[in-house]
Every structure is written in structure tokens, then in C-alpha cells.
Protein chains: 4
Amino acid sequence: MGQKVFHFTHRVSYADCTVGNHVYHSRFLEILERARGEFFRSLGGSLLDWQEQDVIFPVMACGMKFRAMARYDDLLGVRLWVAGLGRARFACASEIHNASGTLLHEAVIDVVCTTIEGRPRRLPSPLFAALQGYLTPAAGAETSP
Amino acid sequence: MGQKVFHFTHRVSYADCTVGNHVYHSRFLEILERARGEFFRSLGGSLLDWQEQDVIFPVMACGMKFRAMARYDDLLGVRLWVAGLGRARFACASEIHNASGTLLHEAVIDVVCTTIEGRPRRLPSPLFAALQGYLTPAAGAETSP
Amino acid sequence: MGQKVFHFTHRVSYADCTVGNHVYHSRFLEILERARGEFFRSLGGSLLDWQEQDVIFPVMACGMKFRAMARYDDLLGVRLWVAGLGRARFACASEIHNASGTLLHEAVIDVVCTTIEGRPRRLPSPLFAALQGYLTPAAGAETSP
Amino acid sequence: MGQKVFHFTHRVSYADCTVGNHVYHSRFLEILERARGEFFRSLGGSLLDWQEQDVIFPVMACGMKFRAMARYDDLLGVRLWVAGLGRARFACASEIHNASGTLLHEAVIDVVCTTIEGRPRRLPSPLFAALQGYLTPAAGAETSP
């Protein structure tokens, strides 16, 4: 079991913000997509590499909690780990803090492993093993492979 | 108690889509924001009207399930109702179907009522009453005003 | 020759806006994409219909002038016409006004006609004829078919 | 006179892309906004620093040419320079190449200097001087301060 955490940073742009000078809620999903992309790259294969082997990772569900406002020009620190890991799916948990250390955002994003056509398939073994290094399940989360 | 449902339609644009010709997951939050905007207008005051009275409705949390792909040019039908209603918050539930009647997306978005400065405040009485008309609580959801 | 103008409306959402309560500049391109989509539908075939016949319309160039701010909840009126028309391309001109009649935005978007693979191809004859109805060329613009 | 060029990189995400696996045209403006943000930071003051001194830089006009497709996971190299510089405005030119060196995108973005209220004001002297270092005017562009 893991306990590793992946780190990613994102500088808030005007495009991320809305009226009232805070990050528009949907933009957190874009930031997390960028973070997962770099997380995969760090595990040994980019999402593009996997796609070329007919393996893609659509988002099936997500839950987000907005704890405090992210502001223009904030340097956001994203912490990413695996909160659940199955044969053909995993749950990607995250926390986002600003530079002052305030917790702004929490999320769990459920990702499934499929072919490009959309048929579910097992997570490739090397990827499964790599994800285990980041597995810190929440109580009761599915973790059996 | 309610059982009313608010209806909204959205035509999928290229801006909504990503690689593989499906709506990018974060764009559903934008579609639902448009739907809530028109829902409020139908209840008697636009979000802008409320803002001018120092009442805003930030999103505190959300959960989404992606059931099937929405495609370019799909005409999406959004059904919106109130799944929980408190003194200073409500939960906005939704289902999105395509023109063939396939369920594509389910969401619950928790919205809180605050001043522009961010202090929680009670939902204005006429709004509370109007939201009750759309209240169809899920089992166990908070519904006491 | 034409002089027809196509009309489209767009309600500004929070997702469209940025810090300072105005529409973020790139979002005008999304609004204009929606307008062109409905313009094509009105001409007898949606962009999806054309795509299924191996005809697509990528944007090759664009110019925009930002005249005044568009604000949250503004109901924008988009006027669209053809400012240049060639064998395999056309220029889509537009003006956007708010409900008070203030001119907010002007654009010319150069669109080319290609196969899905990206090879230039002639505009289908019925489409060329339909576009001619909206042709109001700027001085010096290319208009020979 | 200058000849300096500012460099910025951007990794293409799924959020940037649309049907057909290429970057949606409006997203280039978001990428260029990020690039200008870092450009300003490199000149000695972030856009947020300037805003706190009642100096903002709205986009007044832009022109873009789309030369070739940017694809998912491309590492884009943005080159930025000043193509025109006036008392209260400047033109920010850019080229974007992919990692193979193919030119994908060219732009000129006209930025004006105003107060937060929108009144035009002179570019602060240190900023004007810093921008001069990057001035490589196109033939005929306005360059007198």
C-alpha cells in the first residue's frame, strides 16, 4: 500500500475566474484533468500513450466540495492520490490549497478503464501496480483489484 | 410539497465537446448553471435581481454521474428540481436526456444563500416558497426550513 | 446579391464572465460558433449534416473588436452575414449588441470548406447559393465564386 | 529598440480540444492570456500588482491565424513580443509552434491601458520601458510613445 501523493501546481488565469473574482466552479475539473494528465505521465505513460494502446480513462462520476474561493493569480497546489482501486476503475482524490495553505477544494473523481469504443477493460498491470503506490483509501472504499 | 420540474434545453456546440466527440465533463456544470439561471427567472427573480438585493447563491458542493455520452449537435433536455431545502441552502437535482430519451447525466448541486460578502443568510421567503413547489426530496435529505 | 442578416440571441452566463463582471474575450468566439451553427441549420443543413457528407468548415482566421463590455445576464443580439464568398471559403461577419442597443463586439471569421481529412473542397452548390443571400461584402473583399 | 522575445509553454489538455482532436479555436486566447500574465510577471509586476495600482489591460481587438492543428498532449511553445507600443496601448504579437517546430498559430492582440473604471491612462513609465525591450514592430505599426 501506498501513501504517495502526486503534486501539481496551477496559476489561476482570468479565463478561470468569474464575476466576484473567484474561480468558476467547473474550472476545477479542468485543473484536475491537467493534474491527472501529469500524474499519468509520472507513472510511466501519458494518457496519449495509453490511448494509442486502445486504453482510455473516462470520468464516470465526481464529487466536489468548494471550501473557499480561489482568486486570480493564486498559485494553487493540487495534491492527488488514489482513494479506491478496482480491476477496471480507480477513484482519484484531490485537495487544492492556495499559497497561504488554505484548503479551497476537495474532490473524488471516479475514472473507469475502457477501450476507445467504450468497452470496460482491466487496468494494465504496470499501471495498476503504479496506482497502488498512491492508494490511500477512504474508509469503506472499494480497494480489491 | 412540490413535484414540479423545471425544463431547459441546450444544443451541444463544438465548444462543449472534446476529443472523441463527446461533451467534456466540466461543461455539464456550465449547462446546469444556465438551467438554474432560467429556473430562478421563472421563480420570479433573476440571479441578477437577487444580487442587486445582496443575495447570491454560490455552489458549495456537487455530485455528478456521467451515464452516457452527449454528442455534438445533440439537443439536451435538462430536468431540474429541488432535492433538499433548508433555511439558507437548497440542493438542485437534475437529469439530462438526449432527444432519443437516453439518460446522459445526473447531478445534485448544493447551493447556499449568502450576502455578496459571503455571510450566510436565510433564503428570502418568496423564494423559499417558490422552491418548495419543486421539492422532491431524496430519501433522507434535509427538508426542514 | 443578398442583404439578408441572420439573428441569434445569447443570454450571458457566469461561465461567460470573468473578474470585473464582463464577458471574457474568448467566449465571444463560442457565442459566434453557436450562432454559425444555427445559421447553417437555417440554410438547410446543420454542420452535423454536412460533416456526415465529409464537408467541414474550420476557422482559418479571425478578427475581433471589443467595443463595450457585455455583462452578466445581458441578452445579446448577434447579427450575422457573409462578408466574402469564394469557391471554398467564406467570411462570416457579425455584430453583437446588448438589449439597450449598444454595439459590444464586431468580428469577421474566415471559414474554409474542407473534407474531414482537411483537403480543401468547393462549397456545395446549394450552400453556396444560400450563402449568397447573406452576402454583403466589405469593400475589396473577395466575392467571385 | 528591443528584439527580445518572451517564451512560454503550454501542454494541451482535453479541455482545450474539440471534436476531431484539435485545439478549439477560442482556447488559443486563453493560452495567450496565460502567456501575457507570465510575460508581465517577468517585466517586474504581475497583472494583479498593476490592478492593485488601478492599472488594468483590457483586450481591445485581436487577429488570429490558424496555420495547423494543435493536438492533445502537444507541448506548445509560445513566442511573444511587442509589435506596437503607444502611450496607452500596445500590440502583443505571438507565434505558437508544436514540439516538431510546425507553426500552428499567429496572433496580434491589441491591449489598452486603463483604470479599473475604464478610463484610458498612460502606461506606467517602468512598464513602457520594459515593453520597449520586446518591441519588434511590424512595418507601419504605431510605435511612437
# chains A, B, ... in the order shown; residues from 1 in each chain; ligands from 1
$ closest_atom_pairs --of "chain C" --to "chain A" --cutoff "8 Å" --atoms "only C-alpha atoms" --output "Markdown table"
| residue | atom | partner | partner_atom | distance |
| --- | --- | --- | --- | --- |
| C:Tyr14 | CA | A:Thr18 | CA | 6.1 |
| C:Ala15 | CA | A:Thr18 | CA | 6.6 |
| C:Asp16 | CA | A:Thr18 | CA | 7.6 |
| C:Cys17 | CA | A:Thr18 | CA | 5.0 |
| C:Thr18 | CA | A:Thr18 | CA | 3.8 |
| C:Val19 | CA | A:Asn21 | CA | 4.7 |
| C:Gly20 | CA | A:Val19 | CA | 6.1 |
| C:Asn21 | CA | A:Val19 | CA | 4.7 |
| C:His22 | CA | A:Val19 | CA | 7.5 |
| C:Tyr24 | CA | A:Ala15 | CA | 6.7 |
| C:Tyr72 | CA | A:Val19 | CA | 8.0 |
$ residues_around --residues "Asp54 in chain B" --least-positions-apart "3" --cutoff "12 Å" --atoms "only C-alpha atoms" --output "ChimeraX atom specification"
/B:47-51,57,113-124
$ atom_distance --atom1 "CA of Leu131 in chain B" --atom2 "CA of Glu106 in chain A"
28.0 Å
$ atom_distance --atom1 "CA of Val112 in chain B" --atom2 "CA of Val55 in chain B"
10.1 Å
$ residues_around --residues "Leu104 in chain B" --least-positions-apart "6" --cutoff "12 Å" --atoms "only C-alpha atoms" --output "VMD selection string"
(chain A and resid 60 to 61) or (chain B and resid 22 to 23 25 28 64 to 71 74 to 79 94 to 98)
$ write_last_selection --atoms "N, CA and C atoms" --output "JSON list (two decimals), in the first residue's frame"
[["chain", "number", "residue", "atom", "x", "y", "z"],
["A", 60, "MET", "N", -16.50, 8.78, -14.81],
["A", 60, "MET", "CA", -17.85, 8.22, -14.65],
["A", 60, "MET", "C", -18.68, 8.99, -13.64],
["A", 61, "ALA", "N", -18.01, 9.57, -12.68],
["A", 61, "ALA", "CA", -18.71, 10.28, -11.61],
["A", 61, "ALA", "C", -17.72, 11.20, -10.95],
["B", 22, "HIS", "N", -17.51, 13.90, -27.64],
["B", 22, "HIS", "CA", -18.48, 13.89, -26.56],
["B", 22, "HIS", "C", -18.29, 15.16, -25.74],
["B", 23, "VAL", "N", -19.34, 15.50, -24.99],
["B", 23, "VAL", "CA", -19.27, 16.71, -24.18],
["B", 23, "VAL", "C", -18.23, 16.50, -23.07],
["B", 25, "HIS", "N", -16.53, 16.73, -19.57],
["B", 25, "HIS", "CA", -17.31, 16.57, -18.33],
["B", 25, "HIS", "C", -17.60, 17.87, -17.60],
["B", 28, "PHE", "N", -20.90, 20.15, -18.34],
["B", 28, "PHE", "CA", -22.23, 19.93, -17.78],
["B", 28, "PHE", "C", -22.53, 20.93, -16.67],
["B", 64, "MET", "N", -21.87, 14.43, -9.60],
["B", 64, "MET", "CA", -22.36, 14.18, -10.97],
["B", 64, "MET", "C", -22.10, 12.74, -11.34],
["B", 65, "LYS", "N", -23.02, 12.17, -12.10],
["B", 65, "LYS", "CA", -22.81, 10.84, -12.69],
["B", 65, "LYS", "C", -22.97, 10.96, -14.20],
["B", 66, "PHE", "N", -21.99, 10.45, -14.92],
["B", 66, "PHE", "CA", -21.98, 10.51, -16.37],
["B", 66, "PHE", "C", -22.45, 9.15, -16.88],
["B", 67, "ARG", "N", -23.68, 9.09, -17.40],
["B", 67, "ARG", "CA", -24.33, 7.83, -17.75],
["B", 67, "ARG", "C", -24.06, 7.41, -19.19],
["B", 68, "ALA", "N", -24.03, 8.40, -20.08],
["B", 68, "ALA", "CA", -23.79, 8.11, -21.50],
["B", 68, "ALA", "C", -23.28, 9.40, -22.13],
["B", 69, "MET", "N", -22.69, 9.26, -23.32],
["B", 69, "MET", "CA", -22.06, 10.41, -23.96],
["B", 69, "MET", "C", -23.10, 11.34, -24.56],
["B", 70, "ALA", "N", -22.91, 12.64, -24.38],
["B", 70, "ALA", "CA", -23.64, 13.65, -25.14],
["B", 70, "ALA", "C", -22.76, 14.01, -26.33],
["B", 71, "ARG", "N", -23.37, 14.12, -27.51],
["B", 71, "ARG", "CA", -22.65, 14.30, -28.77],
["B", 71, "ARG", "C", -22.88, 15.69, -29.36],
["B", 74, "ASP", "N", -26.38, 17.41, -30.31],
["B", 74, "ASP", "CA", -27.49, 16.87, -29.52],
["B", 74, "ASP", "C", -28.30, 18.02, -28.92],
["B", 75, "LEU", "N", -29.60, 17.83, -28.89],
["B", 75, "LEU", "CA", -30.46, 18.77, -28.19],
["B", 75, "LEU", "C", -30.75, 18.15, -26.83],
["B", 76, "LEU", "N", -30.11, 18.69, -25.80],
["B", 76, "LEU", "CA", -30.21, 18.11, -24.47],
["B", 76, "LEU", "C", -31.43, 18.67, -23.74],
["B", 77, "GLY", "N", -32.16, 17.78, -23.11],
["B", 77, "GLY", "CA", -33.28, 18.19, -22.26],
["B", 77, "GLY", "C", -32.87, 18.08, -20.80],
["B", 78, "VAL", "N", -32.88, 19.21, -20.11],
["B", 78, "VAL", "CA", -32.49, 19.24, -18.70],
["B", 78, "VAL", "C", -33.76, 19.30, -17.86],
["B", 79, "ARG", "N", -33.90, 18.39, -16.91],
["B", 79, "ARG", "CA", -34.99, 18.43, -15.92],
["B", 79, "ARG", "C", -34.38, 18.81, -14.58],
["B", 94, "SER", "N", -30.81, 17.24, -10.96],
["B", 94, "SER", "CA", -31.09, 17.32, -12.40],
["B", 94, "SER", "C", -30.82, 16.00, -13.10],
["B", 95, "GLU", "N", -31.53, 15.84, -14.19],
["B", 95, "GLU", "CA", -31.28, 14.76, -15.14],
["B", 95, "GLU", "C", -31.21, 15.37, -16.52],
["B", 96, "ILE", "N", -30.30, 14.87, -17.33],
["B", 96, "ILE", "CA", -30.19, 15.34, -18.71],
["B", 96, "ILE", "C", -30.36, 14.15, -19.64],
["B", 97, "HIS", "N", -31.28, 14.28, -20.56],
["B", 97, "HIS", "CA", -31.53, 13.26, -21.58],
["B", 97, "HIS", "C", -31.23, 13.84, -22.95],
["B", 98, "ASN", "N", -30.89, 12.97, -23.90],
["B", 98, "ASN", "CA", -30.80, 13.43, -25.28],
["B", 98, "ASN", "C", -32.17, 13.28, -25.96]]
$ atom_distance --atom1 "CA of Asp110 in chain B" --atom2 "CA of Arg89 in chain B"
7.3 Å
$ closest_residue --among "B:Leu29, B:Ile109, B:Leu103, B:Val5" --to "Gly84 in chain B" --atoms "only C-alpha atoms"
B:Ile109
$ select_by_dssp --residues "range 55-141 of chain B" --states "helix (DSSP H, G or I)" --output "ChimeraX atom specification"
/B:125-132
$ select_by_dssp --residues "range 20-120 of chain B" --states "strand (DSSP E or B)" --output "ChimeraX atom specification"
/B:22-23,56,59-66,75-85,89-97,103-112,114,120
$ residues_around --residues "Ala130 in chain C" --least-positions-apart "4" --cutoff "8 Å" --atoms "only C-alpha atoms" --output "list in words"
Leu43, Pro126 and Tyr134 of chain C
